[in-house]
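K.L.:
Sharing a structure here in structure tokens format.
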Amino acid sequence: MNHPRFAVFRFSALALATLVLTGTAQAQSAAPAALPEVLAELRQLREELKQVRAELDSVKQQQAQSGQGAAPAGAGAWAGYGGTAANPGAPTAAAVASAAPAAEPARAVDNPLSFFGYAEMNYSRPRNNASGATATLRRGVLGFAYRFNERTRMAAELEVENAVVSASDQGEVEFEQMYIEHDLSDSLSAKAGLFLMPVGYLNESHEPTRYFGVNRNLVETAIIPSTWREMGLGLRGTTAGGLRWDAGMVTSFDLTKWDATSSEGRDSPLGAIHQEGQLAKARNAAFYGALNYNGIPGFNVGGSVFNGGVGQKQTSFAAPNASLTLAELHTRWQPGRWDLSALAAQGRFSDISSLNATFAGQATPVPSRFGGWYAQAAYRVWSQGEYAAVPFARYERLNTASAYTGLPVGLSPSILPDVRVMTVGTSFYLNPQVVLKADFQRYLSDKSLDMFNLGVGFHF
């Protein structure tokens with residue numbers, strides 16, 4: 001598409017050239033001595049027109065690279081409603097900060113500062129305990145990004161959980177992300193700071209408008225501790241064929257925080273020992289790698305691996321060389337009105353036998369293995385203008401402690417059965433950025449946990 005400014009300029013230049021040529025014909029009969037001067041002016045005008053055309057071609061190329069053209073076939077139905085397979089998330093800090101400069105010509109940035117954010121408010125009522133119903137402003141997030149130039153930018157997200165933060169409240173405030181990112185080339189970028197791990201679908205894309213269900217799914221919260229962030233260095237590259245790869249070196253977890261008398265480790269093994277960039281022990285580093293293929297419109301498949309020490313080489317700790325490996329695979333397909341996805345994750349702690357020997361008889365020793373998977377289907381049954389109704393169903397199966405090592409016979413806790421949950425519900429969009437949600441969660445392994453949920457969410 002021609003930029004209006006360049007189109008007007010080109011039209012004016014052509015008109016000017018016509019006038020000059022006309023004038024030249026008249027001048028040749030009236031003043032032959034002025035012909036060289038007129039020809040010089042025409043050559044100068046021709047060079048200016050070439051420069052205008054070069055600038056116009058540059059703008060067209062940058063618009064194509066930044067995705068300002070038509071949406072790919074098969075993804076259009078879901079653009080904004082639950083995300084797309086190639087880009088399952090809303091404009092998070094990384095997306096806003098990295099995408100904005102791409103559409104700018106190679107010149108000084110005109111509007112370097114941008115704001116964005118999201119919020120979600122939830123109501124939950126246990127099926128068998130009406131008096132246990134709760135309502136909370138679950139999260140409120142304000143993000144901001146600043147572009148220093150066309151290649152260098154920063155991004156940050158400040159989050160408040162459960163509305164109020166004080167010593168006596170259950171609220172929490174934290175920087176979910178804060179990092180600098182720089183484009184090394186058109187297809188390779190590097191970042192440094194506190195940033196989200198590229199693991200699964202939810203961790204990097206967790207705005208309430210971009211996932212189904214009032215609450216985030218259990219596998220990507222109990223097994224993958226979304227939202228999971230680490231401090232360190234990262235690289236991201238893309239190819240013309242639709243591959244995106246991520247790799248980096250970051251901080252790891254801190255197993256010295258494990259409390260065998262608490263149920264926190266049973267709820268989420270990694271959630272109990274994450275560091276979140278708060279005076280994080282950094283004697284042990286971790287490495288991550290992720291690969292995603294988005295070369296087919298409406299289809300994504302990928303996976304990731306994270307490995308690092310968690311004992312942090314603490315000499316007074318029973319397992320200074322303990323380590324963690326977490327791997328996951330995921331896929332998403334969006335044919336027409338359908339949105340089908342699945343994910344499986346598996347984690348393993350190593351060199352923890354000596355530590356678990358000190359936890360003998362305790363309620364929550366460190367599991368040697370944990371994991372889970374889910375499968376989900378959604379269908380856009382109705383849409384009109386910006387309104388859309390999208391019912392969904394999701395089945396999850398997970399176990400946060402499927403095996404133990406290092407415990408004496410008779411002192412190991414029983415391996416509990418897998419948690420199996422069926423969630424059915426509907427997302428009703430007032431706008432791609434505003435959603436009303438309702439769902440019912442049926443715990444097939446423990447009916448006392450059945451829950452009805454309502455939610456409101458938005459992002460901007």
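Labels used: A, B, ... for chains in the order of the structure tokens, numbers from 1 for residues in each chain, and numbers from 1 for ligands as shown.
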Dump as CSV the rows for residues of region 341-361 of chain A within 12 Å of region 372-376 of chain A: closest atom pair and distance in Å with one decimal, only C-alpha atoms counted, ordered by chain and rising residue number.

P.N.:
```
residue,atom,partner,partner_atom,distance
A:Ser341,CA,A:Gln376,CA,5.3
A:Ala342,CA,A:Ala375,CA,4.3
A:Leu343,CA,A:Trp373,CA,5.5
A:Ala344,CA,A:Trp373,CA,4.1
A:Ala345,CA,A:Gly372,CA,5.6
A:Gln346,CA,A:Gly372,CA,6.6
A:Gly347,CA,A:Gly372,CA,9.2
```

K.L.:
Go ahead and write the selection's residues with N, CA and C atoms as a CSV table (one decimal), in the first residue's frame.

P.N.:
```csv
chain,number,residue,atom,x,y,z
A,341,SER,N,-5.9,-27.9,21.4
A,341,SER,CA,-4.6,-27.9,21.9
A,341,SER,C,-4.3,-29.0,22.9
A,342,ALA,N,-3.0,-29.3,23.1
A,342,ALA,CA,-2.6,-30.3,24.1
A,342,ALA,C,-1.2,-29.9,24.6
A,343,LEU,N,-0.9,-30.3,25.8
A,343,LEU,CA,0.4,-30.1,26.4
A,343,LEU,C,0.7,-31.2,27.4
A,344,ALA,N,2.0,-31.6,27.4
A,344,ALA,CA,2.5,-32.5,28.4
A,344,ALA,C,3.8,-32.0,29.0
A,345,ALA,N,4.0,-32.2,30.3
A,345,ALA,CA,5.2,-31.7,31.0
A,345,ALA,C,5.6,-32.7,32.0
A,346,GLN,N,7.0,-32.9,32.1
A,346,GLN,CA,7.5,-33.9,33.1
A,346,GLN,C,8.7,-33.2,33.7
A,347,GLY,N,8.8,-33.3,35.1
A,347,GLY,CA,9.9,-32.8,35.8
A,347,GLY,C,10.6,-33.9,36.6
```

K.L.:
So which residues touch Val419 (chain A) within 8 Å, counting only C-alpha atoms, skipping near sequence neighbours fewer than 6 positions away, as a JSON list (two decimals) with N, CA and C atoms, in the first residue's frame?

P.N.:
```
[["chain", "number", "residue", "atom", "x", "y", "z"],
["A", 396, "GLU", "N", -7.62, -32.63, 32.29],
["A", 396, "GLU", "CA", -6.26, -32.57, 32.82],
["A", 396, "GLU", "C", -5.98, -33.77, 33.71],
["A", 397, "ARG", "N", -4.73, -34.22, 33.67],
["A", 397, "ARG", "CA", -4.29, -35.29, 34.56],
["A", 397, "ARG", "C", -2.87, -34.98, 35.00],
["A", 398, "LEU", "N", -2.63, -34.91, 36.30],
["A", 398, "LEU", "CA", -1.32, -34.54, 36.79],
["A", 398, "LEU", "C", -1.05, -35.14, 38.16],
["A", 399, "ASN", "N", 0.23, -35.20, 38.51],
["A", 399, "ASN", "CA", 0.65, -35.67, 39.82],
["A", 399, "ASN", "C", 1.91, -34.91, 40.20],
["A", 443, "TYR", "N", -13.65, -32.49, 39.73],
["A", 443, "TYR", "CA", -12.47, -33.25, 40.13],
["A", 443, "TYR", "C", -12.86, -34.73, 40.21],
["A", 444, "LEU", "N", -12.46, -35.48, 39.20],
["A", 444, "LEU", "CA", -12.84, -36.88, 39.14],
["A", 444, "LEU", "C", -12.18, -37.70, 40.23],
["A", 445, "SER", "N", -11.04, -37.21, 40.76],
["A", 445, "SER", "CA", -10.33, -37.93, 41.81],
["A", 445, "SER", "C", -10.77, -37.54, 43.21]]
```

K.L.:
Would you kindly return, as a list of chain:residue names, each protein, DNA or RNA residue with an atom no farther than 12 Å from any atom of Ala240 (chain A), considering only C-alpha atoms and excluding same-chain residues fewer than 4 positions away?

P.N.:
A:Gln65, A:Asp186, A:Ser187, A:Arg244, A:Tyr293, A:Asn294, A:Gly295, A:Ile296

K.L.:
Applying 10 Å and only C-alpha atoms, which residues near Ser226 (chain A) remain after dropping the ones on its own chain fewer than 5 positions away? List them as a ChimeraX atom specification.

P.N.:
/A:196-197,199-206,216-221,270-271

K.L.:
At most 12 Å is the cut-off: for each residue in region 229-285 of chain A with any atom that close to an atom of region 348-352 of chain A, write down the nearest atom pair and the distance in Å rounded to one decimal, counting only C-alpha atoms, chain first then increasing number, as JSON lines.

P.N.:
```
{"residue": "A:Phe253", "atom": "CA", "partner": "A:Phe349", "partner_atom": "CA", "distance": 11.3}
{"residue": "A:Leu255", "atom": "CA", "partner": "A:Ile352", "partner_atom": "CA", "distance": 9.7}
{"residue": "A:Thr256", "atom": "CA", "partner": "A:Ile352", "partner_atom": "CA", "distance": 11.4}
{"residue": "A:Trp258", "atom": "CA", "partner": "A:Ile352", "partner_atom": "CA", "distance": 11.8}
{"residue": "A:Pro269", "atom": "CA", "partner": "A:Phe349", "partner_atom": "CA", "distance": 9.9}
{"residue": "A:Leu270", "atom": "CA", "partner": "A:Phe349", "partner_atom": "CA", "distance": 10.3}
```

K.L.:
Show which residues sit within 12 Å of region 313-325 of chain A, as a VMD selection string. Count only C-alpha atoms, and ignore same-chain residues fewer than 2 positions away.

P.N.:
chain A and resid 223 to 224 252 to 258 269 to 270 273 281 to 289 304 to 311 327 to 328 345 to 359 366 to 371 406

K.L.:
Can you check which residues of region 190-357 of chain A DSSP gives as strand (DSSP E or B) on the backbone and send them as a ChimeraX atom specification?

P.N.:
/A:190-196,229-238,243-251,285-293,299-309,323-333,338-350

K.L.:
Would you please work out which residue, of A:Arg332, A:Arg210, A:Arg43, A:Arg236, is nearest to Asp183 (chain A) when using only C-alpha atoms?

P.N.:
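Selected residue with least distance to Asp183 (chain A): A:Arg236.
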
K.L.:
Report as a PyMOL selection string: the residues of region 210-451 of chain A with a DSSP assignment of helix (DSSP H, G or I), based on the backbone of this structure.

P.N.:
chain A and resi 210+219-223+255-257+264-267+353-358+447-449

K.L.:
A:Asp110, A:Glu181, A:Ala167, A:Gly132: which is nearest Thr152 (chain A), counting only C-alpha atoms?

P.N.:
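Of the candidates, the smallest distance to Thr152 (chain A) is held by A:Glu181.
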
K.L.:
Which polymer residues have any atom within 12 Å of an atom of Leu436 (chain A), counting only C-alpha atoms, with same-chain residues fewer than 4 positions away left out, as a list in words?

P.N.:
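The residues satisfying every condition are Glu120, Met121, Asn122, Tyr123, Pro208, Thr209, Tyr211, Phe212, Gly213, Val214, Tyr387, Ala388, Ala389, Val390, Pro391, Gly425, Thr426, Ser427, Phe428, Tyr429, Leu430, Asn431, Pro432, Asn453, Leu454, Gly455, Val456, Gly457 and Phe458 of chain A.
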
K.L.:
Expressed in Å to a single decimal, how great is the separation between CA of Lys447 (chain A) and CA of Glu264 (chain A)?

P.N.:
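Going from CA of Lys447 (chain A) over to CA of Glu264 (chain A) covers 21.3 Å.
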
K.L.:
For Ala290 (chain A), which residue among A:Leu411, A:Leu243, A:Met178, A:Val421 is the nearest when counting only C-alpha atoms?

P.N.:
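That would be A:Leu243, the residue with the smallest distance to Ala290 (chain A).
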
K.L.:
Hey, which of A:Pro335, A:Gly234, A:Pro126, A:Gly241 ends up closest to Leu194 (chain A)? Count only C-alpha atoms.

P.N.:
A:Gly234
